[in-house]
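Here is the structure we will look at, set down as structure tokens.
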Amino acid sequence: MRAHYRTKVIVAGDLAAVLASFAIAYALEPSAPQGGAAAWLSYAALAAVVGFWRLHRLRLHRRIWQYTGISDMLCLLQVSLISAVVPFAAWWVMQGEAHPLLMLHHAAGTFLLLTAPRLAWRIFCDKYSVRKPAGGRRALIIGAGSCGTLIAKEMMQNDGVSVTPVGFIDDDPYKHQMDILGLRVLGNRKEIACVVESHHIDEIIIAMPSVSKTQISELVNLCKTTKAKLKIVPDLQDMIDNRGAAGRMRDVSVEDLLGRDPIRTDLEHIAGYVQDKVVLVTGAGGSIGSELCRQIAPFKPSKLLLLGHGENSIYTIEMEMRSSFPQLAIETVIADVQDRTRIDSVFAKFKPQVVFHAAAHKHVPLMERNPAEAIKNNVFGTKNVAECADAYGAERFVLISTDKAVNPTSVMGTTKRIAEMFIQSLDMHSNTKFVAVRFGNVLGSRGSVIPRFKEQIVKGGPVTVTHPEMVRYFMTIPEAVQLVIQAGSFAKGGEVFILDMGKPVKIYDLAVDLIRLSGYEPHVDIDITFSGMREGEKLYEELLTNEEGLSSTKHNRIFIGRPVQLNRKELDFEIRKMEKVLGQHPDDIRAVLQHLVPTYRNGGATAAG
């Protein structure tokens, strides 16, 4: 039925309900006066006019009956009362007679006749019209609140969703064994495993978008003991922005297992050193560098310089930034940090005031086989950018470092430790505040373990783990970068900031969790094999050297390692010596690294630092 015809039918039906209710009320009221026909027709006409006026003002004729709810009921009650009270009051004033029972019957009848067809259509649509037959994958919904109810309803009504809800899990004891949309609340979180087994559940959907990440982590840990695949409703904003709630659910990820609540940042202090400043990000096309750009942009720097060696990655982040922040002044710079002349020209032209140095070679086994390239990029690249920052009067220089720089067993870790040492020595004689920020693995970065595991799972396995006892610290890229920017606000010069990475995670457990979160059984559906530790790897990483100690900052997730006193002349001499051996045998290169960083222990894979 076309919209304007539908509207006319609804208006006519509602007016008929107002008039019919008056006629019925008059017939049922024995004490009603037997006045003239003209008087009572005028009474009925006034009721119809007032009713139509209120229905039109509330736009009730434009509301879809399938979604009739409490707000519609309240509006209909208002129409019923007004259409009965106004004619009653007019009759009382003009005729001097009061018939309250007639008015009450009229109001009650109008409300009943207006609401009955709407509720009947709502019940029909909910129960019979579009509800699909049971079948497909069976789902258990955790959270019997508004979000869980919305998910269940869409699953039952949406033909495009091949999942059938079986019931709910909720910790509210009042809801236990109660029915919602015809589905039973089957118990609390402690009963998840039993419910999954007894009801043959294929999927578990966590529909609690407003709870903390810690609670989500607890739920995920309970659910991963089952064979059911996990999905999650990410957050309330997605529920608001996207029309299909059930279609917008995502798979539960390893990030959900970390269970860390959002980081609280001191926006005022960050804005104080970034806002209206020329900010340079090296390695801007990489995982960390690109996220730095995304999170720096909202603080409105006067200009954001995106510097990188790979044109494709820089083009990608440039297009994203110009789309997301059209008012921001952006300059893209294709340059290699190893090219001192080019870096010098960039600083001379743009004179950046804040520098985030994220450009680095980071792949441990690859750098073991190419030690000279690791030194060129991680040591001399850092040296070039840092010395230019000093020469051109930058206010702050933040080096992105790694936990692999502590008691290193790899060339990559050793070169990053030398980079830390160099900026600390430079800070002693510079007006620029040089600091380093050290953290562990980031989830989802290029070359990291998580994407590799996911690829292996998609191919059906096996998932390869280097050693059953290997552990690593993990953070998400956004939280690591957020803390890096925050740490920059604490800089006084020479510090190494250490980010709180939470508890270390065993890589084997990570593989098991990823397999289970993908809906498979480890060692049954997908096997896990051990490939052996690679060159340069250790079983566990550390965040502090013995000399650094640890002190707190104003932020509960950022700590400071004490600056180590370094002899600048000796360091410069060792770096020059390193430059001379770059073309020699890798063993000669490692010997120089060993002399410069005595805690460096080469010898392939090792169990400790």
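Lettering and numbering for the structure tokens are positional, with chains as A, B, ... in the shown order, residues counted from 1 in each chain, and ligands counted from 1 in the shown order.
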Helix (DSSP H, G or I) positions in segment 238-470 of chain A, given as a PyMOL selection string: chain A and resi 238-241+246-248+254-258+267-274+287-299+311-324+340-350+364-369+371-391+403-405+411-427+449-458
Leaving out Leu104 of chain A and any residue of its chain fewer than 2 positions from it, which residues lie within 10 Å of it when counting only C-alpha atoms, given as a PDB file with C-alpha atoms, in the first residue's frame?
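That gives us selection23.pdb:
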ATOM      1  CA  ALA A  25     -20.075   4.970  25.945  1.00  0.00           C
ATOM      2  CA  SER A  80      -7.886   9.336  24.349  1.00  0.00           C
ATOM      3  CA  LEU A  81      -8.009  11.611  27.388  1.00  0.00           C
ATOM      4  CA  ALA A  84     -12.941  12.753  25.913  1.00  0.00           C
ATOM      5  CA  VAL A  85     -12.194  15.592  28.352  1.00  0.00           C
ATOM      6  CA  PHE A  88     -17.115  16.816  28.272  1.00  0.00           C
ATOM      7  CA  HIS A  99     -21.597  13.145  33.224  1.00  0.00           C
ATOM      8  CA  PRO A 100     -18.141  11.909  34.414  1.00  0.00           C
ATOM      9  CA  LEU A 101     -18.926   8.232  33.785  1.00  0.00           C
ATOM     10  CA  LEU A 102     -19.686   9.037  30.141  1.00  0.00           C
ATOM     11  CA  HIS A 106     -15.399   7.434  26.216  1.00  0.00           C
ATOM     12  CA  ALA A 107     -11.666   7.793  27.150  1.00  0.00           C
ATOM     13  CA  ALA A 108     -11.278   4.099  27.974  1.00  0.00           C
ATOM     14  CA  GLY A 109     -13.063   3.008  24.796  1.00  0.00           C
ATOM     15  CA  THR A 110     -10.995   5.333  22.612  1.00  0.00           C
TER      16      THR A 110
END
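The space separating atom CA of Ala139 of chain A from atom CA of Arg189 of chain A comes to 15.1 Å.
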Near-Thr415 of chain A list (7 Å; only C-alpha atoms; drop same-chain fewer than 4 positions) as a PyMOL selection string: chain A and resi 374-375+378-379+411+419
Please return as a PDB file with C-alpha atoms, in the first residue's frame: the residues of segment 269-517 of chain A that backbone DSSP assigns to strand (DSSP E).
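out-v9.pdb, freshly written:
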ATOM      1  CA  VAL A 278      55.390  21.367  13.546  1.00  0.00           C
ATOM      2  CA  VAL A 279      55.488  17.625  14.265  1.00  0.00           C
ATOM      3  CA  LEU A 280      57.657  15.133  12.369  1.00  0.00           C
ATOM      4  CA  VAL A 281      56.941  11.397  12.391  1.00  0.00           C
ATOM      5  CA  THR A 282      59.606   9.207  10.814  1.00  0.00           C
ATOM      6  CA  LYS A 303      51.865  20.995  10.436  1.00  0.00           C
ATOM      7  CA  LEU A 304      52.282  17.206  10.433  1.00  0.00           C
ATOM      8  CA  LEU A 305      55.239  15.814   8.485  1.00  0.00           C
ATOM      9  CA  LEU A 306      54.882  12.201   7.308  1.00  0.00           C
ATOM     10  CA  LEU A 307      58.374  10.904   6.536  1.00  0.00           C
ATOM     11  CA  GLY A 308      59.040   7.434   5.193  1.00  0.00           C
ATOM     12  CA  ILE A 330      50.114  17.721   6.018  1.00  0.00           C
ATOM     13  CA  GLU A 331      53.442  17.345   4.240  1.00  0.00           C
ATOM     14  CA  THR A 332      54.620  13.991   2.893  1.00  0.00           C
ATOM     15  CA  VAL A 333      58.362  13.438   2.720  1.00  0.00           C
ATOM     16  CA  ILE A 334      59.926  10.481   0.917  1.00  0.00           C
ATOM     17  CA  VAL A 354      58.551  17.767  17.957  1.00  0.00           C
ATOM     18  CA  VAL A 355      60.031  14.594  16.487  1.00  0.00           C
ATOM     19  CA  PHE A 356      58.704  11.048  16.892  1.00  0.00           C
ATOM     20  CA  HIS A 357      61.332   8.688  15.507  1.00  0.00           C
ATOM     21  CA  ARG A 396      61.501  17.257  21.912  1.00  0.00           C
ATOM     22  CA  PHE A 397      62.726  14.061  20.338  1.00  0.00           C
ATOM     23  CA  VAL A 398      60.941  10.803  21.193  1.00  0.00           C
ATOM     24  CA  LEU A 399      62.629   7.556  20.130  1.00  0.00           C
ATOM     25  CA  ILE A 400      60.401   4.496  19.746  1.00  0.00           C
ATOM     26  CA  SER A 401      62.425   1.682  21.301  1.00  0.00           C
ATOM     27  CA  THR A 402      61.799  -1.928  22.301  1.00  0.00           C
ATOM     28  CA  LYS A 433      64.768  17.022  25.263  1.00  0.00           C
ATOM     29  CA  PHE A 434      65.744  13.553  24.054  1.00  0.00           C
ATOM     30  CA  VAL A 435      63.810  10.589  25.451  1.00  0.00           C
ATOM     31  CA  ALA A 436      63.136   6.974  24.502  1.00  0.00           C
ATOM     32  CA  VAL A 437      59.951   4.979  25.034  1.00  0.00           C
ATOM     33  CA  ARG A 438      60.396   1.239  25.425  1.00  0.00           C
ATOM     34  CA  PHE A 439      57.655  -1.373  25.018  1.00  0.00           C
ATOM     35  CA  ASN A 441      55.291  -6.594  21.011  1.00  0.00           C
ATOM     36  CA  VAL A 442      52.262  -4.888  19.533  1.00  0.00           C
ATOM     37  CA  LEU A 443      49.313  -6.931  18.382  1.00  0.00           C
ATOM     38  CA  VAL A 463      50.110 -23.318  13.690  1.00  0.00           C
ATOM     39  CA  THR A 464      53.855 -23.060  14.304  1.00  0.00           C
ATOM     40  CA  VAL A 465      55.233 -21.932  17.667  1.00  0.00           C
ATOM     41  CA  VAL A 471      56.630 -15.615  26.596  1.00  0.00           C
ATOM     42  CA  ARG A 472      56.197 -12.054  25.367  1.00  0.00           C
ATOM     43  CA  PHE A 474      51.826  -7.551  24.270  1.00  0.00           C
ATOM     44  CA  MET A 475      49.933  -4.318  23.749  1.00  0.00           C
ATOM     45  CA  THR A 476      47.537  -3.131  21.103  1.00  0.00           C
ATOM     46  CA  VAL A 496      63.898   5.972  29.039  1.00  0.00           C
ATOM     47  CA  PHE A 497      60.164   5.577  29.595  1.00  0.00           C
ATOM     48  CA  ILE A 498      58.915   2.029  30.104  1.00  0.00           C
ATOM     49  CA  LEU A 499      55.289   1.240  29.351  1.00  0.00           C
ATOM     50  CA  VAL A 505      51.689 -13.964  27.600  1.00  0.00           C
ATOM     51  CA  LYS A 506      52.921 -17.442  26.688  1.00  0.00           C
TER      52      LYS A 506
END
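Counting only C-alpha atoms, the residue from A:Ile10, A:Pro586, A:Ile507, A:Tyr600 that sits nearest to Lys404 of chain A is A:Tyr600.
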Please determine, counting only C-alpha atoms, which residue among A:Leu77, A:Ile204, A:Ile558, A:Ala23 has the shortest atom-to-atom distance to Arg137 of chain A.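 For Arg137 of chain A, the nearest of the given residues is A:Ile204.
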Give me the residues within 12 Å of Tyr174 of chain A as a ChimeraX atom specification, counting only C-alpha atoms and dropping any in the same chain fewer than 2 places off. /A:144,170-172,176-179,185-188
Calculated over only C-alpha atoms, which of the candidates A:Phe325, A:Tyr315, A:Tyr392, A:Phe380 has the smallest distance to Ala348 of chain A?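 Smallest distance to Ala348 of chain A is found for A:Tyr392.
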